[in-house]
Amino acid sequence: MNRNVWLLFACQALMNAVMAGQTIMASLVGYKMVGTTGLNTLPMAIQQIGVMCASVPAGIVFAKFGRKAGFWMGCGIAICGSMTFAYGVYTENFPLYVFGAFPAGLGHGVSQHLRFAAAEVAAPAARPRAISLVLAGGVLAAIVGPEMVKRTHDLLPDHMFLATYLYLPLMPILTIVLLCFTALPPAPPKVSVPIPFRSIIARPTFLTAVIASLVGYGTMNLVMASTPLQMLLCGYGVDASADVIRAHSLAMFLPGFVTGRLIQRFGVHRIIAIGGVLILGCVAVNLEFAPYFATFMVALALLGVGWNFMFVGGTTLLTTSHDPIERVRAQGLHDFIVFASVACTAVSSGAIHMKAGWEVLNMTLIPPVLFALAVVGWHFVAQRRVRAVEA
């Protein structure tokens with residue numbers, strides 16, 4: 001892996017630390033302001049809508065000015081989001097706090113394209129490793145984000161979490177500095193007639209990549225968004241939630257150091273399938289065992305590794321579904337679809353949890369995971385048949 005990939009790894013770590021901290025705080029701040037109304041996960045839902053919408057402005061800026069300008073824009077928007085969060089907490093204004101979630105989501109959504117930039121600066125054979133390595137930056141985020149919450153959430157006792165939100169802008173500021181030393185590809189050449197989105201969507205490889213990423217991310221977010229609140233209802237405090245989210249985040253990103261090699265050795269379809277099975281394992285743990293601290297820890301760890309295998313696998317498949325000149329449109333479309341589903345799961349997580357309970361919330365993961373496994377299996381068989389005919 002070259003120097004630029006490692007710099008992108010550090011940038012991803014910093015930007016993910018912001019999201020790791022917000023994951024712990026969002027439902028707890030919502031619970032403090034509006035109680036158990038099902039709206040406590042609304043900030044995370046709005047944030048995921050921002051992540052979804054980020055693909056539009058990011059695609060425009062990437063296409064016109066290149067990757068670096070787009071990432072700088074995302075960092076600036078993320079700073080605005082954190083400061084809006086802080087003001088919402090200071091004034092105890094839940095609508096204002098929710099409003100801050102949108103720019104925070106936009107900033108995080110732009111940073112999701114760091115994995116695509118890594119694929120572009122790496123050699124073709126090394127792309128799976130470059131993608132998984134940059135996503136592995138979340139390992140540092142899994143340490144920094146929860147620890148930041150634990151050490152700063154009560155520094156201003158009259159306004160819980162305010163100090164943490166005032167600390168968060170340091171992460172995108174450091175990212176801006178690191179990007180100054182990173183060599184990224186220029187804007188792609190302009191084409192007279194852009195490739196229609198319907199042509200991209202119609203490709204089996206693109207569809208399979210989207211379904212793998214969508215199901216991996218959506219099911220993970222559905223359970224993760226409500227876990228801090230479920231732990232609170234079971235009698236655990238902020239520190240316990242932070243420890244579980246840290247373990248979950250480590251499980252999400254630590255495999256990134258080896259996922260690329262596993263894909264190269266065993267094939268992308270098998271790794272995606274293993275990820276789906278691990279997510280089903282999370283469901284089994286949550287349903288079969290009492291809600292002890294260790295239960296939350298093990299279940300969220302399985303969920304994290306499952307997400308990594310499915311999301312890295314989906315992103316790797318995506319890189320084989322388009323030509324270089326189509327990369328911005330295909331990548332933007334992929335992330336728009338994926339994070340639209342993530343936004344829906346964030347909206348529904350709190351409502352399902354409050355209305356139907358923790359068990360039903362977990363059971364909703366089973367049908368989409370089984371569907372994704374069927375699609376990935378179909379694509380694997382179809383590609384083998386194509387290779388057999390070509391041989």
# chains A, B, ... in the order shown; residues from 1 in each chain; ligands from 1
>>> residues_around(residues="A:Ile201", least_positions_apart="6", cutoff="9 Å", atoms="only C-alpha atoms", output="PyMOL selection string")
chain A and resi 207+330+333
>>> residues_around(residues="A:Ile79", least_positions_apart="6", cutoff="9 Å", atoms="only C-alpha atoms", output="PyMOL selection string")
chain A and resi 103-104+107+168-173
>>> residues_around(residues="A:Ala117", least_positions_apart="6", cutoff="10 Å", atoms="only C-alpha atoms", output="ChimeraX atom specification")
/A:4-5,8,67-68,130-131,134,184-185
>>> residues_around(residues="A:Cys234", least_positions_apart="3", cutoff="10 Å", atoms="only C-alpha atoms", output="ChimeraX atom specification")
/A:228-231,237,291-293
>>> write_last_selection(atoms="all heavy atoms", output="PDB file, in the first residue's frame")
ATOM      1  N   PRO A 228     -27.712   1.464  22.385  1.00  0.00           N
ATOM      2  CA  PRO A 228     -27.476   2.262  23.596  1.00  0.00           C
ATOM      3  C   PRO A 228     -28.740   2.474  24.423  1.00  0.00           C
ATOM      4  O   PRO A 228     -28.698   2.410  25.656  1.00  0.00           O
ATOM      5  CB  PRO A 228     -26.943   3.595  23.038  1.00  0.00           C
ATOM      6  CG  PRO A 228     -26.316   3.236  21.728  1.00  0.00           C
ATOM      7  CD  PRO A 228     -27.198   2.159  21.175  1.00  0.00           C
ATOM      8  N   LEU A 229     -29.877   2.691  23.748  1.00  0.00           N
ATOM      9  CA  LEU A 229     -31.121   2.883  24.480  1.00  0.00           C
ATOM     10  C   LEU A 229     -31.571   1.585  25.154  1.00  0.00           C
ATOM     11  O   LEU A 229     -32.034   1.587  26.306  1.00  0.00           O
ATOM     12  CB  LEU A 229     -32.211   3.394  23.541  1.00  0.00           C
ATOM     13  CG  LEU A 229     -33.591   3.625  24.172  1.00  0.00           C
ATOM     14  CD1 LEU A 229     -33.492   4.586  25.347  1.00  0.00           C
ATOM     15  CD2 LEU A 229     -34.576   4.130  23.135  1.00  0.00           C
ATOM     16  N   GLN A 230     -31.450   0.445  24.457  1.00  0.00           N
ATOM     17  CA  GLN A 230     -31.815  -0.839  25.050  1.00  0.00           C
ATOM     18  C   GLN A 230     -30.962  -1.122  26.283  1.00  0.00           C
ATOM     19  O   GLN A 230     -31.469  -1.616  27.304  1.00  0.00           O
ATOM     20  CB  GLN A 230     -31.651  -1.959  24.020  1.00  0.00           C
ATOM     21  CG  GLN A 230     -31.929  -3.360  24.553  1.00  0.00           C
ATOM     22  CD  GLN A 230     -33.385  -3.565  24.953  1.00  0.00           C
ATOM     23  OE1 GLN A 230     -34.264  -2.804  24.554  1.00  0.00           O
ATOM     24  NE2 GLN A 230     -33.654  -4.596  25.746  1.00  0.00           N
ATOM     25  N   MET A 231     -29.685  -0.784  26.207  1.00  0.00           N
ATOM     26  CA  MET A 231     -28.808  -0.974  27.367  1.00  0.00           C
ATOM     27  C   MET A 231     -29.223  -0.062  28.515  1.00  0.00           C
ATOM     28  O   MET A 231     -29.186  -0.461  29.682  1.00  0.00           O
ATOM     29  CB  MET A 231     -27.356  -0.721  26.964  1.00  0.00           C
ATOM     30  CG  MET A 231     -26.799  -1.748  25.989  1.00  0.00           C
ATOM     31  SD  MET A 231     -25.035  -1.535  25.679  1.00  0.00           S
ATOM     32  CE  MET A 231     -24.348  -1.931  27.295  1.00  0.00           C
ATOM     33  N   GLY A 237     -25.246   2.186  32.084  1.00  0.00           N
ATOM     34  CA  GLY A 237     -25.003   3.614  31.928  1.00  0.00           C
ATOM     35  C   GLY A 237     -24.288   3.962  30.638  1.00  0.00           C
ATOM     36  O   GLY A 237     -24.062   3.113  29.770  1.00  0.00           O
ATOM     37  N   PRO A 291     -30.383 -10.289  28.348  1.00  0.00           N
ATOM     38  CA  PRO A 291     -29.699  -9.039  27.978  1.00  0.00           C
ATOM     39  C   PRO A 291     -28.602  -8.642  28.965  1.00  0.00           C
ATOM     40  O   PRO A 291     -28.680  -7.616  29.642  1.00  0.00           O
ATOM     41  CB  PRO A 291     -30.846  -8.023  27.974  1.00  0.00           C
ATOM     42  CG  PRO A 291     -31.822  -8.546  28.963  1.00  0.00           C
ATOM     43  CD  PRO A 291     -31.757 -10.041  28.838  1.00  0.00           C
ATOM     44  N   TYR A 292     -27.570  -9.496  29.088  1.00  0.00           N
ATOM     45  CA  TYR A 292     -26.419  -9.161  29.912  1.00  0.00           C
ATOM     46  C   TYR A 292     -25.459  -8.274  29.118  1.00  0.00           C
ATOM     47  O   TYR A 292     -25.540  -8.171  27.890  1.00  0.00           O
ATOM     48  CB  TYR A 292     -25.694 -10.434  30.359  1.00  0.00           C
ATOM     49  CG  TYR A 292     -26.535 -11.364  31.201  1.00  0.00           C
ATOM     50  CD1 TYR A 292     -26.672 -12.702  30.858  1.00  0.00           C
ATOM     51  CD2 TYR A 292     -27.173 -10.899  32.353  1.00  0.00           C
ATOM     52  CE1 TYR A 292     -27.444 -13.562  31.637  1.00  0.00           C
ATOM     53  CE2 TYR A 292     -27.946 -11.756  33.135  1.00  0.00           C
ATOM     54  CZ  TYR A 292     -28.078 -13.076  32.759  1.00  0.00           C
ATOM     55  OH  TYR A 292     -28.845 -13.932  33.519  1.00  0.00           O
ATOM     56  N   PHE A 293     -24.524  -7.678  29.812  1.00  0.00           N
ATOM     57  CA  PHE A 293     -23.511  -6.852  29.159  1.00  0.00           C
ATOM     58  C   PHE A 293     -22.745  -7.672  28.113  1.00  0.00           C
ATOM     59  O   PHE A 293     -22.500  -7.208  26.988  1.00  0.00           O
ATOM     60  CB  PHE A 293     -22.546  -6.288  30.204  1.00  0.00           C
ATOM     61  CG  PHE A 293     -21.428  -5.463  29.632  1.00  0.00           C
ATOM     62  CD1 PHE A 293     -21.635  -4.142  29.250  1.00  0.00           C
ATOM     63  CD2 PHE A 293     -20.167  -6.012  29.464  1.00  0.00           C
ATOM     64  CE1 PHE A 293     -20.609  -3.381  28.729  1.00  0.00           C
ATOM     65  CE2 PHE A 293     -19.134  -5.265  28.941  1.00  0.00           C
ATOM     66  CZ  PHE A 293     -19.355  -3.946  28.568  1.00  0.00           C
TER      67      PHE A 293
END
>>> closest_residue(among="A:Ile46, A:Leu114, A:Ala13, A:Ala136", to="A:Gly74", atoms="only C-alpha atoms")
A:Leu114
>>> decode(residues="stretch 68-116 of chain A", atoms="N, CA and C atoms", output="PDB file, in the first residue's frame")
ATOM      1  N   LYS A  68      -9.854  16.034  -3.948  1.00  0.00           N
ATOM      2  CA  LYS A  68      -9.399  16.788  -2.782  1.00  0.00           C
ATOM      3  C   LYS A  68     -10.359  17.916  -2.438  1.00  0.00           C
ATOM      4  N   ALA A  69     -10.804  18.654  -3.439  1.00  0.00           N
ATOM      5  CA  ALA A  69     -11.744  19.754  -3.195  1.00  0.00           C
ATOM      6  C   ALA A  69     -13.046  19.228  -2.590  1.00  0.00           C
ATOM      7  N   GLY A  70     -13.508  18.082  -3.063  1.00  0.00           N
ATOM      8  CA  GLY A  70     -14.733  17.505  -2.525  1.00  0.00           C
ATOM      9  C   GLY A  70     -14.592  17.106  -1.077  1.00  0.00           C
ATOM     10  N   PHE A  71     -13.447  16.515  -0.713  1.00  0.00           N
ATOM     11  CA  PHE A  71     -13.243  16.107   0.674  1.00  0.00           C
ATOM     12  C   PHE A  71     -13.096  17.325   1.589  1.00  0.00           C
ATOM     13  N   TRP A  72     -12.448  18.380   1.128  1.00  0.00           N
ATOM     14  CA  TRP A  72     -12.367  19.605   1.921  1.00  0.00           C
ATOM     15  C   TRP A  72     -13.769  20.167   2.184  1.00  0.00           C
ATOM     16  N   MET A  73     -14.601  20.138   1.154  1.00  0.00           N
ATOM     17  CA  MET A  73     -15.976  20.602   1.322  1.00  0.00           C
ATOM     18  C   MET A  73     -16.692  19.776   2.398  1.00  0.00           C
ATOM     19  N   GLY A  74     -16.525  18.470   2.346  1.00  0.00           N
ATOM     20  CA  GLY A  74     -17.172  17.604   3.326  1.00  0.00           C
ATOM     21  C   GLY A  74     -16.720  17.901   4.748  1.00  0.00           C
ATOM     22  N   CYS A  75     -15.425  18.182   4.934  1.00  0.00           N
ATOM     23  CA  CYS A  75     -14.918  18.499   6.267  1.00  0.00           C
ATOM     24  C   CYS A  75     -15.551  19.786   6.792  1.00  0.00           C
ATOM     25  N   GLY A  76     -15.668  20.786   5.932  1.00  0.00           N
ATOM     26  CA  GLY A  76     -16.280  22.041   6.347  1.00  0.00           C
ATOM     27  C   GLY A  76     -17.727  21.862   6.765  1.00  0.00           C
ATOM     28  N   ILE A  77     -18.461  21.064   6.027  1.00  0.00           N
ATOM     29  CA  ILE A  77     -19.866  20.810   6.367  1.00  0.00           C
ATOM     30  C   ILE A  77     -19.969  20.039   7.676  1.00  0.00           C
ATOM     31  N   ALA A  78     -19.062  19.083   7.906  1.00  0.00           N
ATOM     32  CA  ALA A  78     -19.081  18.304   9.145  1.00  0.00           C
ATOM     33  C   ALA A  78     -18.850  19.209  10.353  1.00  0.00           C
ATOM     34  N   ILE A  79     -17.979  20.181  10.218  1.00  0.00           N
ATOM     35  CA  ILE A  79     -17.728  21.127  11.312  1.00  0.00           C
ATOM     36  C   ILE A  79     -19.007  21.902  11.644  1.00  0.00           C
ATOM     37  N   CYS A  80     -19.717  22.345  10.605  1.00  0.00           N
ATOM     38  CA  CYS A  80     -20.991  23.051  10.822  1.00  0.00           C
ATOM     39  C   CYS A  80     -21.994  22.167  11.558  1.00  0.00           C
ATOM     40  N   GLY A  81     -22.027  20.892  11.205  1.00  0.00           N
ATOM     41  CA  GLY A  81     -22.948  19.974  11.869  1.00  0.00           C
ATOM     42  C   GLY A  81     -22.645  19.817  13.343  1.00  0.00           C
ATOM     43  N   SER A  82     -21.362  19.643  13.692  1.00  0.00           N
ATOM     44  CA  SER A  82     -20.995  19.469  15.098  1.00  0.00           C
ATOM     45  C   SER A  82     -21.333  20.708  15.921  1.00  0.00           C
ATOM     46  N   MET A  83     -21.103  21.890  15.362  1.00  0.00           N
ATOM     47  CA  MET A  83     -21.393  23.122  16.092  1.00  0.00           C
ATOM     48  C   MET A  83     -22.907  23.313  16.267  1.00  0.00           C
ATOM     49  N   THR A  84     -23.683  22.893  15.279  1.00  0.00           N
ATOM     50  CA  THR A  84     -25.144  22.964  15.423  1.00  0.00           C
ATOM     51  C   THR A  84     -25.626  21.996  16.498  1.00  0.00           C
ATOM     52  N   PHE A  85     -25.062  20.789  16.529  1.00  0.00           N
ATOM     53  CA  PHE A  85     -25.361  19.847  17.602  1.00  0.00           C
ATOM     54  C   PHE A  85     -25.099  20.497  18.964  1.00  0.00           C
ATOM     55  N   ALA A  86     -23.931  21.124  19.077  1.00  0.00           N
ATOM     56  CA  ALA A  86     -23.536  21.730  20.347  1.00  0.00           C
ATOM     57  C   ALA A  86     -24.540  22.798  20.783  1.00  0.00           C
ATOM     58  N   TYR A  87     -24.971  23.627  19.846  1.00  0.00           N
ATOM     59  CA  TYR A  87     -25.918  24.681  20.197  1.00  0.00           C
ATOM     60  C   TYR A  87     -27.285  24.089  20.580  1.00  0.00           C
ATOM     61  N   GLY A  88     -27.679  23.022  19.896  1.00  0.00           N
ATOM     62  CA  GLY A  88     -28.930  22.355  20.239  1.00  0.00           C
ATOM     63  C   GLY A  88     -28.898  21.768  21.640  1.00  0.00           C
ATOM     64  N   VAL A  89     -27.758  21.163  22.020  1.00  0.00           N
ATOM     65  CA  VAL A  89     -27.618  20.617  23.368  1.00  0.00           C
ATOM     66  C   VAL A  89     -27.592  21.747  24.395  1.00  0.00           C
ATOM     67  N   TYR A  90     -26.894  22.834  24.079  1.00  0.00           N
ATOM     68  CA  TYR A  90     -26.784  23.961  25.012  1.00  0.00           C
ATOM     69  C   TYR A  90     -28.145  24.588  25.289  1.00  0.00           C
ATOM     70  N   THR A  91     -28.958  24.720  24.251  1.00  0.00           N
ATOM     71  CA  THR A  91     -30.277  25.340  24.417  1.00  0.00           C
ATOM     72  C   THR A  91     -31.361  24.326  24.749  1.00  0.00           C
ATOM     73  N   GLU A  92     -30.987  23.027  24.770  1.00  0.00           N
ATOM     74  CA  GLU A  92     -31.949  21.941  25.008  1.00  0.00           C
ATOM     75  C   GLU A  92     -33.114  22.030  24.030  1.00  0.00           C
ATOM     76  N   ASN A  93     -32.767  22.282  22.790  1.00  0.00           N
ATOM     77  CA  ASN A  93     -33.741  22.442  21.703  1.00  0.00           C
ATOM     78  C   ASN A  93     -33.639  21.227  20.802  1.00  0.00           C
ATOM     79  N   PHE A  94     -34.575  20.301  20.937  1.00  0.00           N
ATOM     80  CA  PHE A  94     -34.491  19.059  20.163  1.00  0.00           C
ATOM     81  C   PHE A  94     -34.614  19.288  18.654  1.00  0.00           C
ATOM     82  N   PRO A  95     -35.542  20.127  18.160  1.00  0.00           N
ATOM     83  CA  PRO A  95     -35.585  20.377  16.709  1.00  0.00           C
ATOM     84  C   PRO A  95     -34.267  20.931  16.165  1.00  0.00           C
ATOM     85  N   LEU A  96     -33.622  21.827  16.926  1.00  0.00           N
ATOM     86  CA  LEU A  96     -32.337  22.363  16.479  1.00  0.00           C
ATOM     87  C   LEU A  96     -31.270  21.272  16.489  1.00  0.00           C
ATOM     88  N   TYR A  97     -31.298  20.430  17.509  1.00  0.00           N
ATOM     89  CA  TYR A  97     -30.357  19.313  17.566  1.00  0.00           C
ATOM     90  C   TYR A  97     -30.543  18.384  16.368  1.00  0.00           C
ATOM     91  N   VAL A  98     -31.792  18.088  16.035  1.00  0.00           N
ATOM     92  CA  VAL A  98     -32.086  17.244  14.877  1.00  0.00           C
ATOM     93  C   VAL A  98     -31.614  17.919  13.592  1.00  0.00           C
ATOM     94  N   PHE A  99     -31.789  19.231  13.508  1.00  0.00           N
ATOM     95  CA  PHE A  99     -31.347  19.969  12.319  1.00  0.00           C
ATOM     96  C   PHE A  99     -29.843  19.817  12.105  1.00  0.00           C
ATOM     97  N   GLY A 100     -29.075  19.814  13.185  1.00  0.00           N
ATOM     98  CA  GLY A 100     -27.628  19.651  13.058  1.00  0.00           C
ATOM     99  C   GLY A 100     -27.222  18.313  12.483  1.00  0.00           C
ATOM    100  N   ALA A 101     -28.126  17.326  12.585  1.00  0.00           N
ATOM    101  CA  ALA A 101     -27.799  15.997  12.079  1.00  0.00           C
ATOM    102  C   ALA A 101     -27.642  15.988  10.558  1.00  0.00           C
ATOM    103  N   PHE A 102     -28.330  16.902   9.859  1.00  0.00           N
ATOM    104  CA  PHE A 102     -28.253  16.864   8.392  1.00  0.00           C
ATOM    105  C   PHE A 102     -26.874  17.275   7.873  1.00  0.00           C
ATOM    106  N   PRO A 103     -26.327  18.445   8.261  1.00  0.00           N
ATOM    107  CA  PRO A 103     -24.962  18.743   7.795  1.00  0.00           C
ATOM    108  C   PRO A 103     -23.925  17.763   8.319  1.00  0.00           C
ATOM    109  N   ALA A 104     -24.147  17.240   9.549  1.00  0.00           N
ATOM    110  CA  ALA A 104     -23.221  16.222  10.050  1.00  0.00           C
ATOM    111  C   ALA A 104     -23.230  14.997   9.138  1.00  0.00           C
ATOM    112  N   GLY A 105     -24.426  14.617   8.682  1.00  0.00           N
ATOM    113  CA  GLY A 105     -24.536  13.480   7.766  1.00  0.00           C
ATOM    114  C   GLY A 105     -23.926  13.765   6.408  1.00  0.00           C
ATOM    115  N   LEU A 106     -24.124  14.986   5.911  1.00  0.00           N
ATOM    116  CA  LEU A 106     -23.500  15.359   4.628  1.00  0.00           C
ATOM    117  C   LEU A 106     -21.983  15.214   4.707  1.00  0.00           C
ATOM    118  N   GLY A 107     -21.408  15.734   5.784  1.00  0.00           N
ATOM    119  CA  GLY A 107     -19.955  15.641   5.917  1.00  0.00           C
ATOM    120  C   GLY A 107     -19.468  14.214   5.984  1.00  0.00           C
ATOM    121  N   HIS A 108     -20.183  13.382   6.756  1.00  0.00           N
ATOM    122  CA  HIS A 108     -19.779  11.976   6.850  1.00  0.00           C
ATOM    123  C   HIS A 108     -19.992  11.257   5.524  1.00  0.00           C
ATOM    124  N   GLY A 109     -21.061  11.624   4.814  1.00  0.00           N
ATOM    125  CA  GLY A 109     -21.331  10.993   3.526  1.00  0.00           C
ATOM    126  C   GLY A 109     -20.240  11.261   2.510  1.00  0.00           C
ATOM    127  N   VAL A 110     -19.730  12.483   2.495  1.00  0.00           N
ATOM    128  CA  VAL A 110     -18.624  12.799   1.580  1.00  0.00           C
ATOM    129  C   VAL A 110     -17.394  11.977   1.944  1.00  0.00           C
ATOM    130  N   SER A 111     -17.144  11.819   3.248  1.00  0.00           N
ATOM    131  CA  SER A 111     -15.962  11.057   3.669  1.00  0.00           C
ATOM    132  C   SER A 111     -16.060   9.584   3.297  1.00  0.00           C
ATOM    133  N   GLN A 112     -17.271   9.072   3.041  1.00  0.00           N
ATOM    134  CA  GLN A 112     -17.416   7.681   2.625  1.00  0.00           C
ATOM    135  C   GLN A 112     -16.733   7.412   1.288  1.00  0.00           C
ATOM    136  N   HIS A 113     -16.522   8.465   0.505  1.00  0.00           N
ATOM    137  CA  HIS A 113     -15.869   8.303  -0.793  1.00  0.00           C
ATOM    138  C   HIS A 113     -14.354   8.169  -0.669  1.00  0.00           C
ATOM    139  N   LEU A 114     -13.820   8.263   0.536  1.00  0.00           N
ATOM    140  CA  LEU A 114     -12.385   8.041   0.723  1.00  0.00           C
ATOM    141  C   LEU A 114     -11.995   6.642   0.272  1.00  0.00           C
ATOM    142  N   ARG A 115     -12.878   5.669   0.455  1.00  0.00           N
ATOM    143  CA  ARG A 115     -12.559   4.297   0.037  1.00  0.00           C
ATOM    144  C   ARG A 115     -12.457   4.203  -1.477  1.00  0.00           C
ATOM    145  N   PHE A 116     -13.271   4.978  -2.209  1.00  0.00           N
ATOM    146  CA  PHE A 116     -13.172   4.992  -3.665  1.00  0.00           C
ATOM    147  C   PHE A 116     -11.880   5.658  -4.116  1.00  0.00           C
TER     148      PHE A 116
END
